[in-house]
Amino acid sequence: MTQIPTVKLNDGHDIPQLGFGVFKVDPAETERIVTDALEAGYRHIDTAAIYGNEQGVGAALAKSGIPRDELFVTTKLWNSDQGTQSALDAIDLSLEKLGLDRVDLYLIHWPRPDLDLYVETWAAMEQIRDAGKATSIGVSNFHVPHLEKLAAASSVVPAINQIELHPTFQQRELRAYGAEHGIAIEAWGPLGQGKYDLFGMTPIADAAAAHGVTPAQVVIRWHLQSGIIVFPKSNSAERIGENIDVFGFELTGDQMAAIDALDAGNRVGADPDTATF
Ligand code: NDP
């Protein structure tokens with residue numbers, strides 16, 4: 001079984017640095033696909049209430065027979081559930097769908113600054129953690145001003161900020177802020193969501209050829225060697241296996257630097273400052 005490294009969070013808990021994401025995994029297929037991932041060796045699953053597939057994730061976890069303390073499960077509070085009572089209700093519903101009495105990590109999915117509820121919602125997240133329903137709490141898609149507003153209102157620093165991050169969108173400002181304040185960074189869309197020709201880019205294709213691996217494996221390795229927590233999504237058992245088979249080679253300093261140089265501000269998802277979904 002592949003040994004996955006862990007990252008220590010600011011609350012003392014450990015998170016597996018490589019996991020499996022289920023955004024856009026069809027709810028009807030989720031149990032089978034998450035079962036494939038667990039069989040391939042993944043123990044960290046990233047879902048969200050809005051994905052509509054928490055039930056399938058929970059069914060796969062239950063069926064696997066893997067002890068709860070060997071699993072790391074993340075879900076996220078959807079935007080329409082921001083606010084104190086809605087957040088307290090939302091975690092209960094997520095836990096029911098997952099068939100769990102706690103998640104390892106609960107995230108505010110987007111700041112939605114137009115709603116102006118994320119500071120109040122953060123206080124509810126603290127209650128959720130204190131009630132034992134989430135072992136760690138964090139945020140997703142938060143920019144520095146959003147994090148600073150939380151810091152001004154609460155002494156609890158998010159354990160995680162989950163943000164869009166891939167070789168042409170490297171989020172240096174948020175990573176530096178996270179390093180300074182003890183907020184671990186998770187990459188969403190780590191493979192660029194397949195929205196541009198990441199795998200054809202010269203430094204990635206060259207490193208893949210040099211190590212005899214695939215471009216996707218090079219990109220996942222770049223995330224891991226950069227200290228980022230990553231959970232690529234795939235519907236294919238073959239690619240699920242490929243994406244976890246990344247511990248038999250190491251990118252050189254030059255290969256890392258060449259991929260670092262691809263940063264181009266190329267956001268492929270929504271901008272958290274203006275998103276209104
Ligand atoms: P990814 O960057 O993981 O890309 C997924 C795409 O890459 C799919 O089209 C998949 O196709 C393809 N792919 C996967 N592995 C390979 C491979 N080895 N070779 C070639 N293509 C491959 O995008 P996601 O958006 O899924 O991001 C990962 C996770 O991040 C999500 O699943 C979710 O958990 C989280 N997320 C969080 C967000 C947030 O707002 N907090 C927003 C978006 C995602 P195929 O399935 O056919 O293999």
# chains A, B, ... in the order shown; residues from 1 in each chain; ligands from 1
>>> closest_atom_pairs(of="region 95-183 of chain A", to="region 55-71 of chain A", cutoff="8 Å", atoms="only C-alpha atoms", output="JSON lines")
{"residue": "A:Lys97", "atom": "CA", "partner": "A:Gln55", "partner_atom": "CA", "distance": 4.7}
{"residue": "A:Leu98", "atom": "CA", "partner": "A:Gly58", "partner_atom": "CA", "distance": 4.1}
{"residue": "A:Gly99", "atom": "CA", "partner": "A:Gly58", "partner_atom": "CA", "distance": 5.6}
{"residue": "A:Leu100", "atom": "CA", "partner": "A:Gly58", "partner_atom": "CA", "distance": 7.5}
>>> closest_atom_pairs(of="region 87-163 of chain A", to="region 181-201 of chain A", cutoff="6 Å", atoms="only C-alpha atoms", output="CSV")
residue,atom,partner,partner_atom,distance
A:Ala159,CA,A:Ile183,CA,5.2
A:Ile160,CA,A:Ala184,CA,4.7
A:Asn161,CA,A:Ile185,CA,5.2
A:Gln162,CA,A:Glu186,CA,4.4
A:Ile163,CA,A:Ala187,CA,5.4
>>> select_by_dssp(residues="region 5-232 of chain A", states="helix (DSSP H, G or I)", output="ChimeraX atom specification")
/A:27-40,49-51,54-64,68-70,79-81,84-98,118-130,144-153,172-181,192-194,198-200,202-211,215-225
>>> closest_atom_pairs(of="chain A", to="ligand 1", cutoff="7 Å", atoms="only C-alpha atoms and all ligand atoms", output="CSV")
residue,atom,partner,partner_atom_place_in_ligand_line,distance
A:Phe20,CA,ligand 1,34 (O),6.9
A:Gly21,CA,ligand 1,32 (O),3.3
A:Val22,CA,ligand 1,32 (O),4.0
A:Phe23,CA,ligand 1,32 (O),3.7
A:Lys24,CA,ligand 1,32 (O),6.9
A:Asp46,CA,ligand 1,34 (O),4.6
A:Thr47,CA,ligand 1,34 (O),5.2
A:His109,CA,ligand 1,41 (N),5.6
A:Trp110,CA,ligand 1,40 (O),6.6
A:Ser140,CA,ligand 1,41 (N),5.2
A:Asn141,CA,ligand 1,40 (O),6.2
A:Gln162,CA,ligand 1,41 (N),5.6
A:Ile163,CA,ligand 1,41 (N),6.2
A:Glu164,CA,ligand 1,42 (C),6.9
A:Ala187,CA,ligand 1,30 (O),6.7
A:Trp188,CA,ligand 1,30 (O),3.7
A:Gly189,CA,ligand 1,2 (O),3.2
A:Pro190,CA,ligand 1,2 (O),4.0
A:Leu191,CA,ligand 1,2 (O),3.3
A:Gly192,CA,ligand 1,2 (O),4.4
A:Gln193,CA,ligand 1,4 (O),3.5
A:Gly194,CA,ligand 1,7 (O),4.8
A:Ala216,CA,ligand 1,18 (N),4.8
A:Gln217,CA,ligand 1,18 (N),6.7
A:Phe231,CA,ligand 1,28 (C),5.4
A:Pro232,CA,ligand 1,3 (O),3.5
A:Lys233,CA,ligand 1,3 (O),4.1
A:Ser234,CA,ligand 1,46 (O),3.3
A:Asn235,CA,ligand 1,46 (O),3.8
A:Ser236,CA,ligand 1,48 (O),5.1
A:Arg239,CA,ligand 1,18 (N),4.5
A:Ile240,CA,ligand 1,15 (N),6.6
A:Glu242,CA,ligand 1,18 (N),5.7
A:Asn243,CA,ligand 1,18 (N),5.4
>>> select_by_dssp(residues="region 178-225 of chain A", states="strand (DSSP E or B)", output="JSON, numbers by chain")
{"A": [184, 185, 186, 187, 188]}
